[in-house]
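Data from coords.txt: compact mmCIF, C-alpha atoms
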```
# COMPACT_ATOMS: atom_id res chain seq x y z
CA MET C 1 0.00 0.00 0.00
CA SER C 2 1.45 3.37 -1.01
CA PHE C 3 1.89 6.17 1.47
CA ARG C 4 -0.53 8.31 -0.54
CA LEU C 5 -3.22 5.63 -0.31
CA ARG C 6 -2.63 5.27 3.43
CA VAL C 7 -3.02 9.02 3.90
CA THR C 8 -6.24 8.95 1.86
CA LEU C 9 -7.64 6.03 3.86
CA LEU C 10 -6.72 7.65 7.15
CA ALA C 11 -8.34 10.93 6.11
CA THR C 12 -11.45 9.08 4.95
CA ALA C 13 -11.61 7.09 8.19
CA ALA C 14 -11.26 10.28 10.24
CA VAL C 15 -14.08 11.95 8.29
CA ALA C 16 -16.21 8.80 8.60
CA VAL C 17 -15.77 8.75 12.37
CA ALA C 18 -16.64 12.44 12.55
CA VAL C 19 -19.73 12.00 10.35
CA VAL C 20 -20.95 8.99 12.34
CA ALA C 21 -20.41 10.81 15.63
CA ALA C 22 -22.16 13.95 14.37
CA SER C 23 -25.05 11.90 12.94
CA GLY C 24 -25.42 10.05 16.24
CA VAL C 25 -25.51 13.31 18.18
CA VAL C 26 -28.07 14.83 15.80
CA TYR C 27 -30.28 11.74 16.00
CA VAL C 28 -30.18 11.62 19.80
CA VAL C 29 -30.98 15.33 20.09
CA VAL C 30 -33.91 15.14 17.65
CA ARG C 31 -35.26 11.96 19.29
CA HIS C 32 -35.03 13.55 22.72
CA GLN C 33 -36.82 16.66 21.46
CA LEU C 34 -39.67 14.76 19.80
CA ARG C 35 -40.24 12.37 22.68
CA GLY C 36 -39.94 15.26 25.13
CA GLU C 37 -42.86 16.99 23.39
CA VAL C 38 -44.90 13.77 23.65
CA ASP C 39 -44.06 13.41 27.35
CA THR C 40 -45.06 17.01 28.01
CA SER C 41 -48.42 16.53 26.30
CA LEU C 42 -49.09 13.36 28.31
CA VAL C 43 -48.30 15.10 31.62
CA ASN C 44 -50.52 18.07 30.73
CA ARG C 45 -53.37 15.77 29.72
CA ALA C 46 -53.14 13.89 33.02
CA ARG C 47 -53.23 17.14 34.99
CA ASP C 48 -56.26 18.41 33.09
CA PHE C 49 -58.08 15.14 33.66
CA ALA C 50 -57.29 15.18 37.39
CA ARG C 51 -59.10 18.51 37.73
CA ARG C 52 -62.40 16.93 36.64
CA PRO C 53 -64.75 16.13 39.53
CA GLY C 54 -65.36 12.48 40.47
CA PRO C 55 -63.50 10.59 37.75
CA ASP C 56 -64.87 7.12 37.03
CA ILE C 57 -62.80 4.03 36.37
CA GLY C 58 -62.54 2.65 32.87
CA PHE C 59 -61.36 3.66 29.44
CA ILE C 60 -61.95 7.13 28.16
CA GLN C 61 -61.37 7.77 24.45
CA PRO C 62 -61.72 10.87 22.33
CA GLY C 63 -63.59 9.10 19.62
CA PRO C 64 -66.50 6.64 19.42
CA ARG C 65 -64.31 3.50 19.14
CA ALA C 66 -61.76 1.92 21.43
CA SER C 67 -59.00 1.87 18.82
CA LEU C 68 -55.44 3.18 18.89
CA ALA C 69 -55.34 4.17 15.22
CA GLY C 70 -54.11 7.71 14.65
CA SER C 71 -52.27 9.83 17.20
CA PRO C 72 -54.74 11.24 19.79
CA THR C 73 -54.19 10.95 23.52
CA TYR C 74 -56.04 8.19 25.43
CA LEU C 75 -56.68 7.59 29.12
CA GLN C 76 -57.66 4.67 31.31
CA VAL C 77 -58.46 4.90 35.03
CA ILE C 78 -57.69 1.81 37.06
CA ARG C 79 -57.94 0.60 40.62
CA SER C 80 -55.27 -1.10 42.62
CA ASP C 81 -56.82 -4.48 41.78
CA GLY C 82 -56.62 -3.79 38.05
CA GLU C 83 -60.30 -3.09 37.53
CA GLY C 84 -60.90 -0.60 34.75
CA ALA C 85 -57.84 -1.65 32.70
CA PHE C 86 -59.22 -1.81 29.20
CA PHE C 87 -55.74 -2.13 27.63
CA ASP C 88 -52.85 -4.15 29.00
CA LEU C 89 -50.56 -1.17 28.77
CA PRO C 90 -46.83 -1.23 29.54
CA GLY C 91 -46.30 -0.60 33.24
CA LEU C 92 -49.82 -1.71 34.20
CA LYS C 93 -48.69 -3.71 37.26
CA ASP C 94 -46.60 -0.76 38.48
CA ALA C 95 -49.58 1.54 37.90
CA GLU C 96 -51.80 -0.79 40.06
CA ARG C 97 -49.29 -0.55 42.91
CA LEU C 98 -49.14 3.20 42.36
CA ALA C 99 -52.96 3.42 42.77
CA GLY C 100 -52.83 1.56 46.08
CA THR C 101 -49.69 2.86 47.78
CA GLY C 102 -48.87 6.05 45.89
CA GLY C 103 -45.44 7.08 44.66
CA ASP C 104 -43.76 8.93 41.82
CA ALA C 105 -45.27 9.05 38.36
CA PHE C 106 -43.35 7.28 35.60
CA PHE C 107 -43.11 6.80 31.85
CA SER C 108 -43.00 3.51 29.98
CA ASP C 109 -42.86 2.32 26.37
CA GLY C 110 -44.32 -0.75 24.71
CA ARG C 111 -46.54 -2.15 21.99
CA VAL C 112 -50.31 -2.52 22.16
CA GLN C 113 -52.30 -3.87 19.20
CA ASP C 114 -49.03 -3.73 17.25
CA VAL C 115 -48.87 -0.03 17.94
CA HIS C 116 -45.89 1.59 19.64
CA VAL C 117 -47.23 3.68 22.53
CA ARG C 118 -45.81 6.00 25.15
CA VAL C 119 -47.51 5.73 28.59
CA TYR C 120 -47.53 8.14 31.53
CA SER C 121 -48.81 6.65 34.82
CA THR C 122 -49.62 8.72 37.91
CA GLN C 123 -51.85 8.40 41.00
CA LEU C 124 -55.25 10.06 40.59
CA ALA C 125 -56.71 9.56 44.08
CA ASP C 126 -56.55 7.00 46.86
CA GLY C 127 -57.05 3.66 45.19
CA LEU C 128 -57.09 5.17 41.67
CA ALA C 129 -54.45 5.77 39.03
CA VAL C 130 -54.59 7.12 35.54
CA GLN C 131 -52.55 5.98 32.54
CA VAL C 132 -52.33 8.53 29.76
CA PHE C 133 -50.93 7.20 26.51
CA ARG C 134 -50.66 7.96 22.85
CA PRO C 135 -49.26 6.18 19.78
CA LEU C 136 -45.73 7.08 18.63
CA ASP C 137 -46.33 6.30 14.95
CA GLU C 138 -45.67 9.86 13.79
CA VAL C 139 -42.59 10.18 16.00
CA ASP C 140 -41.23 6.82 14.84
CA HIS C 141 -41.91 7.72 11.23
CA THR C 142 -40.13 11.04 11.61
CA LEU C 143 -37.16 9.37 13.30
CA HIS C 144 -37.06 6.74 10.56
CA ARG C 145 -36.84 9.44 7.90
CA ILE C 146 -34.18 11.26 9.88
CA ARG C 147 -32.15 8.03 10.11
CA LEU C 148 -32.37 7.62 6.34
CA TYR C 149 -31.40 11.24 5.75
CA LEU C 150 -28.44 10.96 8.11
CA LEU C 151 -27.38 7.69 6.46
CA PHE C 152 -27.45 9.20 2.96
CA ILE C 153 -25.75 12.39 4.15
CA GLY C 154 -23.09 10.37 5.98
CA LEU C 155 -22.38 8.14 2.98
CA GLY C 156 -22.25 11.17 0.69
CA GLY C 157 -19.93 12.97 3.09
CA ILE C 158 -17.61 9.97 3.30
CA GLY C 159 -17.58 9.67 -0.49
CA ILE C 160 -16.79 13.36 -0.91
CA ALA C 161 -14.13 13.07 1.81
CA SER C 162 -12.53 10.16 -0.07
CA GLY C 163 -12.36 12.19 -3.27
CA LEU C 164 -11.03 15.24 -1.50
CA GLY C 165 -8.58 13.02 0.39
CA LEU C 166 -7.18 11.79 -2.93
CA LEU C 167 -6.78 15.36 -4.18
CA VAL C 168 -5.30 16.63 -0.94
CA GLY C 169 -2.99 13.62 -0.65
CA HIS C 170 -1.79 14.13 -4.21
CA ALA C 171 -1.16 17.85 -3.68
CA THR C 172 0.35 17.46 -0.22
CA LEU C 173 2.64 14.56 -1.06
CA ARG C 174 3.84 15.97 -4.36
CA PRO C 175 7.04 17.34 -2.73
CA VAL C 176 7.63 13.89 -1.23
CA GLY C 177 7.24 12.40 -4.69
CA ASP C 178 9.72 14.91 -6.11
CA LEU C 179 12.13 14.11 -3.28
CA THR C 180 11.79 10.39 -3.95
CA ALA C 181 12.30 10.88 -7.70
CA VAL C 182 15.47 12.92 -7.16
CA ALA C 183 16.81 10.41 -4.62
CA GLU C 184 16.17 7.50 -7.01
CA GLU C 185 17.78 9.43 -9.88
CA VAL C 186 20.85 10.23 -7.77
CA ALA C 187 21.11 6.61 -6.64
CA GLU C 188 20.92 5.41 -10.25
CA THR C 189 23.05 8.02 -12.03
CA ARG C 190 25.39 9.09 -9.18
CA ASP C 191 24.75 12.67 -10.30
CA LEU C 192 25.09 14.70 -7.10
CA SER C 193 24.38 17.98 -8.89
CA ARG C 194 20.60 17.30 -8.96
CA ARG C 195 18.50 19.54 -6.73
CA ILE C 196 14.85 19.77 -5.65
CA GLN C 197 12.86 22.92 -6.30
CA THR C 198 11.79 24.37 -2.94
CA GLY C 199 9.01 26.95 -2.87
CA SER C 200 7.56 26.64 0.64
CA ARG C 201 8.82 27.02 4.18
CA ASP C 202 6.75 24.26 5.78
CA GLU C 203 8.08 20.93 7.03
CA LEU C 204 8.26 19.46 3.52
CA GLY C 205 9.98 22.59 2.22
CA ARG C 206 12.58 22.38 4.99
CA LEU C 207 13.01 18.68 4.26
CA ALA C 208 13.68 19.45 0.59
CA ALA C 209 16.12 22.24 1.51
CA THR C 210 17.92 19.93 3.94
CA PHE C 211 18.10 17.22 1.27
CA ASN C 212 19.61 19.75 -1.16
CA GLN C 213 22.17 20.75 1.47
CA MET C 214 23.01 17.09 2.05
CA LEU C 215 23.49 16.56 -1.69
CA GLY C 216 25.68 19.67 -1.86
CA ALA C 217 27.81 18.52 1.07
CA LEU C 218 28.11 15.04 -0.42
CA ASP C 219 29.02 16.49 -3.82
CA THR C 220 31.70 18.66 -2.22
CA SER C 221 33.03 15.71 -0.25
CA VAL C 222 33.21 13.46 -3.32
CA LYS C 223 34.94 16.17 -5.36
CA ALA C 224 37.41 16.76 -2.54
CA GLN C 225 38.07 13.03 -2.34
CA ARG C 226 38.67 12.81 -6.07
CA GLN C 227 40.94 15.86 -5.96
CA LEU C 228 42.83 14.38 -3.02
CA ILE C 229 43.34 11.12 -4.91
CA ALA C 230 44.49 13.00 -8.01
CA ASP C 231 46.84 15.25 -6.04
CA ALA C 232 48.22 12.36 -3.99
CA SER C 233 48.81 10.34 -7.14
CA HIS C 234 50.62 13.26 -8.71
CA GLU C 235 52.77 13.88 -5.64
CA LEU C 236 53.61 10.21 -5.17
CA ARG C 237 54.48 9.54 -8.79
CA THR C 238 57.80 11.43 -8.84
CA PRO C 239 59.33 10.09 -5.59
CA LEU C 240 58.15 6.55 -6.39
CA ALA C 241 59.69 6.72 -9.87
CA SER C 242 62.95 8.07 -8.46
CA LEU C 243 62.98 5.47 -5.70
CA ARG C 244 62.38 2.67 -8.17
CA THR C 245 65.20 3.90 -10.42
CA ASN C 246 67.67 4.05 -7.55
CA ILE C 247 66.69 0.59 -6.30
CA GLU C 248 67.06 -0.86 -9.83
CA VAL C 249 70.52 0.67 -10.07
CA LEU C 250 71.48 -0.75 -6.67
CA ALA C 251 70.08 -4.16 -7.60
CA GLY C 252 71.77 -4.20 -11.02
CA ARG C 253 74.60 -6.47 -11.88
CA LYS C 254 76.94 -3.59 -12.54
CA ARG C 255 79.15 -2.98 -9.55
CA LEU C 256 79.23 0.61 -8.39
CA PRO C 257 82.01 2.41 -6.62
CA ALA C 258 81.52 2.47 -2.88
CA GLU C 259 81.09 6.26 -2.82
CA GLU C 260 78.31 6.22 -5.49
CA ARG C 261 76.65 3.24 -3.82
CA GLN C 262 76.62 5.04 -0.48
CA GLN C 263 75.15 8.14 -2.13
CA LEU C 264 72.39 6.10 -3.77
CA LEU C 265 71.58 4.43 -0.45
CA GLY C 266 71.32 7.85 1.15
CA ASP C 267 68.99 8.98 -1.62
CA VAL C 268 66.80 5.88 -1.16
CA ILE C 269 66.56 6.42 2.60
CA GLY C 270 65.69 10.09 2.09
CA GLN C 271 63.01 9.22 -0.46
CA VAL C 272 61.50 6.60 1.86
CA GLU C 273 61.38 9.16 4.66
CA GLU C 274 59.77 11.66 2.30
CA LEU C 275 57.13 9.10 1.31
CA SER C 276 56.50 8.21 4.98
CA ALA C 277 56.00 11.87 5.86
CA LEU C 278 53.66 12.32 2.91
CA VAL C 279 51.55 9.30 3.87
CA ALA C 280 51.39 10.45 7.50
CA ALA C 281 50.24 13.89 6.36
CA LEU C 282 47.56 12.36 4.17
CA VAL C 283 46.26 10.34 7.12
CA GLU C 284 46.06 13.50 9.24
CA LEU C 285 43.96 15.18 6.56
CA ASP C 286 40.99 12.88 7.27
CA PRO C 287 38.07 15.36 7.66
CA ASP C 288 35.87 12.76 9.39
CA ALA C 289 38.31 12.10 12.23
CA ALA C 290 36.79 13.77 15.29
CA PRO C 291 39.48 14.90 17.77
CA GLU C 292 39.24 13.83 21.41
CA LEU C 293 39.19 17.09 23.37
CA GLU C 294 40.66 17.65 26.80
CA GLU C 295 41.77 20.52 29.01
CA VAL C 296 45.27 21.64 27.90
CA ARG C 297 47.57 24.56 28.58
CA LEU C 298 47.95 26.10 25.15
CA ASP C 299 50.95 28.22 26.16
CA GLU C 300 52.86 25.16 27.44
CA LEU C 301 51.96 23.16 24.32
CA VAL C 302 53.25 25.93 22.02
CA ALA C 303 56.42 26.30 24.15
CA ALA C 304 57.18 22.60 23.64
CA ALA C 305 56.64 22.96 19.89
CA VAL C 306 59.02 25.96 19.85
CA ASP C 307 61.69 23.94 21.66
CA ARG C 308 61.54 21.24 19.02
CA ALA C 309 61.62 23.82 16.24
CA ARG C 310 64.82 25.27 17.74
CA MET C 311 66.40 21.81 17.58
CA HIS C 312 65.37 21.31 13.94
CA SER C 313 66.34 24.85 12.88
CA PRO C 314 69.27 25.91 15.09
CA ASP C 315 70.06 28.86 12.83
CA VAL C 316 66.63 30.46 13.36
CA GLU C 317 65.88 32.71 16.34
CA PHE C 318 62.49 32.07 17.91
CA ARG C 319 61.17 34.90 20.11
CA THR C 320 58.17 34.06 22.30
CA GLU C 321 55.50 35.99 24.19
CA PHE C 322 53.08 33.69 25.98
CA GLU C 323 50.04 34.30 28.18
CA GLU C 324 48.61 31.53 30.32
CA SER C 325 45.78 29.99 28.33
CA VAL C 326 43.62 26.92 28.95
CA VAL C 327 41.60 25.46 26.09
CA ARG C 328 39.71 22.28 25.27
CA ALA C 329 41.62 20.73 22.41
CA ALA C 330 43.29 17.60 21.06
CA PRO C 331 46.91 18.15 22.15
CA VAL C 332 48.54 16.00 19.46
CA HIS C 333 46.60 17.69 16.63
CA VAL C 334 47.16 21.24 17.88
CA GLU C 335 50.84 20.57 18.49
CA ARG C 336 51.22 19.27 14.93
CA ALA C 337 49.47 22.36 13.54
CA VAL C 338 51.71 24.71 15.54
CA SER C 339 54.80 22.76 14.48
CA ASN C 340 53.77 23.10 10.83
CA LEU C 341 53.40 26.87 11.24
CA LEU C 342 56.84 27.10 12.89
CA ASP C 343 58.49 24.93 10.21
CA ASN C 344 56.89 27.02 7.47
CA ALA C 345 58.08 30.28 9.07
CA ALA C 346 61.61 28.91 9.59
CA LYS C 347 61.94 28.26 5.84
CA TRP C 348 61.60 31.97 5.05
CA SER C 349 63.19 33.86 7.91
CA ASP C 350 66.09 33.69 10.36
CA SER C 351 63.86 35.07 13.13
CA VAL C 352 60.33 34.06 14.08
CA ASP C 353 57.98 35.68 16.62
CA VAL C 354 55.54 33.38 18.41
CA ALA C 355 52.76 34.64 20.69
CA VAL C 356 49.90 32.98 22.61
CA SER C 357 46.92 35.04 23.77
CA GLY C 358 43.72 33.31 24.86
CA PRO C 359 42.77 30.66 22.30
CA GLU C 360 44.96 32.25 19.58
CA VAL C 361 48.47 31.38 18.42
CA VAL C 362 50.28 33.97 16.28
CA VAL C 363 53.39 33.05 14.25
CA ARG C 364 55.21 35.82 12.39
CA ASP C 365 58.25 35.60 10.16
CA HIS C 366 60.40 38.38 8.75
CA GLY C 367 60.88 36.93 5.29
CA PRO C 368 59.74 38.12 1.84
CA GLY C 369 56.05 37.64 2.61
CA ILE C 370 53.41 35.83 0.53
CA ALA C 371 52.76 36.73 -3.08
CA ASP C 372 49.30 38.15 -3.74
CA GLU C 373 48.44 35.34 -6.16
CA ASP C 374 49.47 32.70 -3.61
CA LEU C 375 47.70 34.17 -0.56
CA PRO C 376 44.20 32.71 -1.30
CA LYS C 377 45.63 29.22 -1.98
CA ILE C 378 48.31 28.58 0.61
CA PHE C 379 46.00 26.45 2.78
CA ASP C 380 44.96 24.21 -0.15
CA ARG C 381 46.24 20.65 -0.19
CA PHE C 382 49.42 20.07 -2.21
CA TYR C 383 49.59 23.73 -3.18
CA ARG C 384 53.15 25.05 -3.34
CA ALA C 385 54.04 28.54 -4.41
CA ALA C 386 56.55 28.93 -7.25
CA SER C 387 59.09 30.36 -4.82
CA ALA C 388 58.78 27.30 -2.54
CA ARG C 389 59.10 24.49 -5.04
CA HIS C 390 62.83 24.22 -4.51
CA LEU C 391 62.30 23.75 -0.76
CA PRO C 392 61.56 20.41 0.92
CA GLY C 393 57.91 19.66 1.69
CA SER C 394 54.77 18.10 0.30
CA GLY C 395 52.41 21.06 0.26
CA LEU C 396 50.28 19.53 3.04
CA GLY C 397 51.61 21.33 6.12
CA LEU C 398 49.35 24.38 5.99
CA ALA C 399 46.40 22.25 4.83
CA ILE C 400 46.79 20.24 8.04
CA VAL C 401 46.77 23.49 10.03
CA ARG C 402 43.47 24.50 8.47
CA GLN C 403 42.02 21.02 9.09
CA VAL C 404 42.99 21.18 12.79
CA ALA C 405 41.53 24.69 13.16
CA GLU C 406 38.20 23.71 11.59
CA SER C 407 37.94 20.49 13.62
CA HIS C 408 38.26 22.65 16.77
CA GLY C 409 35.61 25.12 15.62
CA GLY C 410 38.16 27.80 14.81
CA GLU C 411 40.04 29.19 11.83
CA VAL C 412 43.51 30.03 10.52
CA THR C 413 44.36 33.14 8.55
CA ALA C 414 47.46 34.50 6.82
CA GLU C 415 48.42 38.02 5.80
CA ASN C 416 51.43 40.11 4.97
CA THR C 417 52.72 42.70 7.40
CA PRO C 418 53.49 46.27 6.35
CA ASP C 419 57.16 46.05 7.39
CA GLY C 420 57.79 42.73 5.61
CA GLY C 421 57.12 39.09 6.38
CA ALA C 422 53.93 37.15 6.93
CA VAL C 423 51.80 36.52 10.01
CA PHE C 424 49.67 33.43 10.62
CA ARG C 425 46.87 33.39 13.22
CA LEU C 426 45.56 30.06 14.47
CA ARG C 427 42.41 30.53 16.57
CA LEU C 428 40.75 27.61 18.35
CA GLY C 429 37.02 27.80 19.00
CA THR C 430 36.92 25.49 22.06
CA ARG C 431 38.22 27.65 24.88
CA SER C 432 37.18 26.70 28.42
```
Would you give me this structure, written as structure tokens?
Amino acid sequence: MSFRLRVTLLATAAVAVAVVAASGVVYVVVRHQLRGEVDTSLVNRARDFARRPGPDIGFIQPGPRASLAGSPTYLQVIRSDGEGAFFDLPGLKDAERLAGTGGDAFFSDGRVQDVHVRVYSTQLADGLAVQVFRPLDEVDHTLHRIRLYLLFIGLGGIGIASGLGLLVGHATLRPVGDLTAVAEEVAETRDLSRRIQTGSRDELGRLAATFNQMLGALDTSVKAQRQLIADASHELRTPLASLRTNIEVLAGRKRLPAEERQQLLGDVIGQVEELSALVAALVELDPDAAPELEEVRLDELVAAAVDRARMHSPDVEFRTEFEESVVRAAPVHVERAVSNLLDNAAKWSDSVDVAVSGPEVVVRDHGPGIADEDLPKIFDRFYRAASARHLPGSGLGLAIVRQVAESHGGEVTAENTPDGGAVFRLRLGTRS
């Protein structure tokens, strides 16, 4: 059963329940009104009869014959022993007890001579009671017609509700159908550029907008994955080819002088280390890896990274200015990002200024600065400026910095300073 058919059936069932309930209420109200008028007439007739002097027992009829045809009001006066009961009316035994002992008047229903009658019994005097009754043919006939009318109206209402339910279900679920069609098309064609037209701001409109955002994010992720694979393949091709050539030369039958052989071995070891560093950097670029955050002293973490940078670059002067700062961060990731910023600055300058203030780390070099055409791209993966291609590196260091900043809810920026050099600002968004 389709969802549209289920919605239609549910809507029809809801309308049917409402129609049946409303019809039942209408019928009960009309029945109560009609029978209430009959009861009132019977009570008034009994009161008028009681005002007559010296009522006799027996049957009193408005016409010449003792017949219940038609709808006039009839009376019979009875004694406690039942004498005077011309008709065996409903409640006759109770009326006999009422004549003898008294009590509250009461109404009763029943059939006499195949006629449905309504009876009102009340005490008339000591030892006497009167039963006032009248046929309910007209009332029953009216109620029968009302039942038929309500039945036809109810069936018509349910039928109209079914038709309207189909129209409403079709119009309401059209966005769901469009969403399903786009999802099926994307699943079949793998075309993540498809989008759903959204023209409303209701729940279905927000669902369509969210689905479009999901497709956009997935499209961006797939493109980034493909670009990463292409860039990694390009970066790995040259060192792998060089490594293979050197290994083939070392494994060849031709004997090499010891000095050349030692140089080739050094080249092979350096290329293996370069490949290892590249693979490690690629692993750290996983955007889905959520860092495990903990309370860390950012100033102490940066100080440790500066100490290591001094060991790696003994010719570079690192000047520091730290404020005590506590943040929630992944220490290993942040330390790697800071180390990458320090290594990058050390390539361009013989002096580097490092400062920590709150959740922000500032690294400034005094080198030539960043070219205007390179500034928007320096945090892209595998991007290397023309002036840096002769330097060691894979082009992933600053990309890792940006990845760490974004995974901590922060950002990293770069700009040139007026007096020369470049300044990098790493801001973490998870400060305690």
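Distance check against Val25 of chain C using all atoms listed in the file: of C:Gly429, C:Ile196, C:Thr142, C:Arg147, the minimum falls on C:Arg147.
Coordinates place atom CA of Leu207 of chain C at a distance of 17.1 Å from atom CA of Leu192 of chain C.
Considering the residues C:Asn416, C:Gln225, C:Ser357, C:Gln197 and counting all atoms listed in the file, Asp374 of chain C has its shortest atom-to-atom contact with C:Asn416.
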For the atom pair atom CA of Val222 of chain C and atom CA of Ala187 of chain C, what is the interatomic distance in Å to one decimal place?
14.3 Å
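Interatomic distance, atom CA of His170 of chain C to atom CA of Arg206 of chain C: 19.0 Å.
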Give the answer as one residue: which of C:Ala129, C:Val115, C:Leu173, C:Ala95 has the shortest atom-to-atom distance to Phe3 of chain C, using only C-alpha atoms?
C:Leu173
Just the residues within 10 Å of Leu155 of chain C, please, counting all atoms listed in the file, with nothing from its chain fewer than 4 positions along; format it as a PyMOL selection string.
chain C and resi 16+19-20+149-151+159-161
Next, write the just-selected residues to a file, as a compact mmCIF listing (two decimals), in the frame of the given file, keeping C-alpha atoms as the atom set.
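Produced file out07.txt, reproduced below:
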```txt
# COMPACT_ATOMS: atom_id res chain seq x y z
CA ALA C 16 -16.21 8.80 8.60
CA VAL C 19 -19.73 12.00 10.35
CA VAL C 20 -20.95 8.99 12.34
CA TYR C 149 -31.40 11.24 5.75
CA LEU C 150 -28.44 10.96 8.11
CA LEU C 151 -27.38 7.69 6.46
CA GLY C 159 -17.58 9.67 -0.49
CA ILE C 160 -16.79 13.36 -0.91
CA ALA C 161 -14.13 13.07 1.81
```
Pick out the residues sitting within 8 Å of segment 303-314 of chain C, and hand them over as number ranges by chain; count all atoms listed in the file, and ignore anything fewer than 5 positions along from it in its own chain.
C: 335, 338-339, 342-343, 346
Expected residue set, 6 Å radius at (60.2, 39.1, 8.5), all atoms listed in the file, as JSON, numbers by chain
{"C": [365, 366, 367, 420, 421]}
Keeping C-alpha atoms for every residue in the selection just given, could you write it to a file as a PDB file, keeping the file's coordinate frame?
```
ATOM      1  CA  ASP C 365      58.250  35.600  10.160  1.00  0.00           C
ATOM      2  CA  HIS C 366      60.400  38.380   8.750  1.00  0.00           C
ATOM      3  CA  GLY C 367      60.880  36.930   5.290  1.00  0.00           C
ATOM      4  CA  GLY C 420      57.790  42.730   5.610  1.00  0.00           C
ATOM      5  CA  GLY C 421      57.120  39.090   6.380  1.00  0.00           C
TER       6      GLY C 421
END
```
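Distance annotation: of C:Ala337, C:Leu215, C:Ala329, C:Ala355, the residue with the minimal separation from Ala399 of chain C is C:Ala337; atom set is all atoms listed in the file.
Proximity ranking of C:Val38, C:Pro331, C:Val423, C:Pro376 relative to Trp348 of chain C places C:Val423 first, based on all atoms listed in the file.
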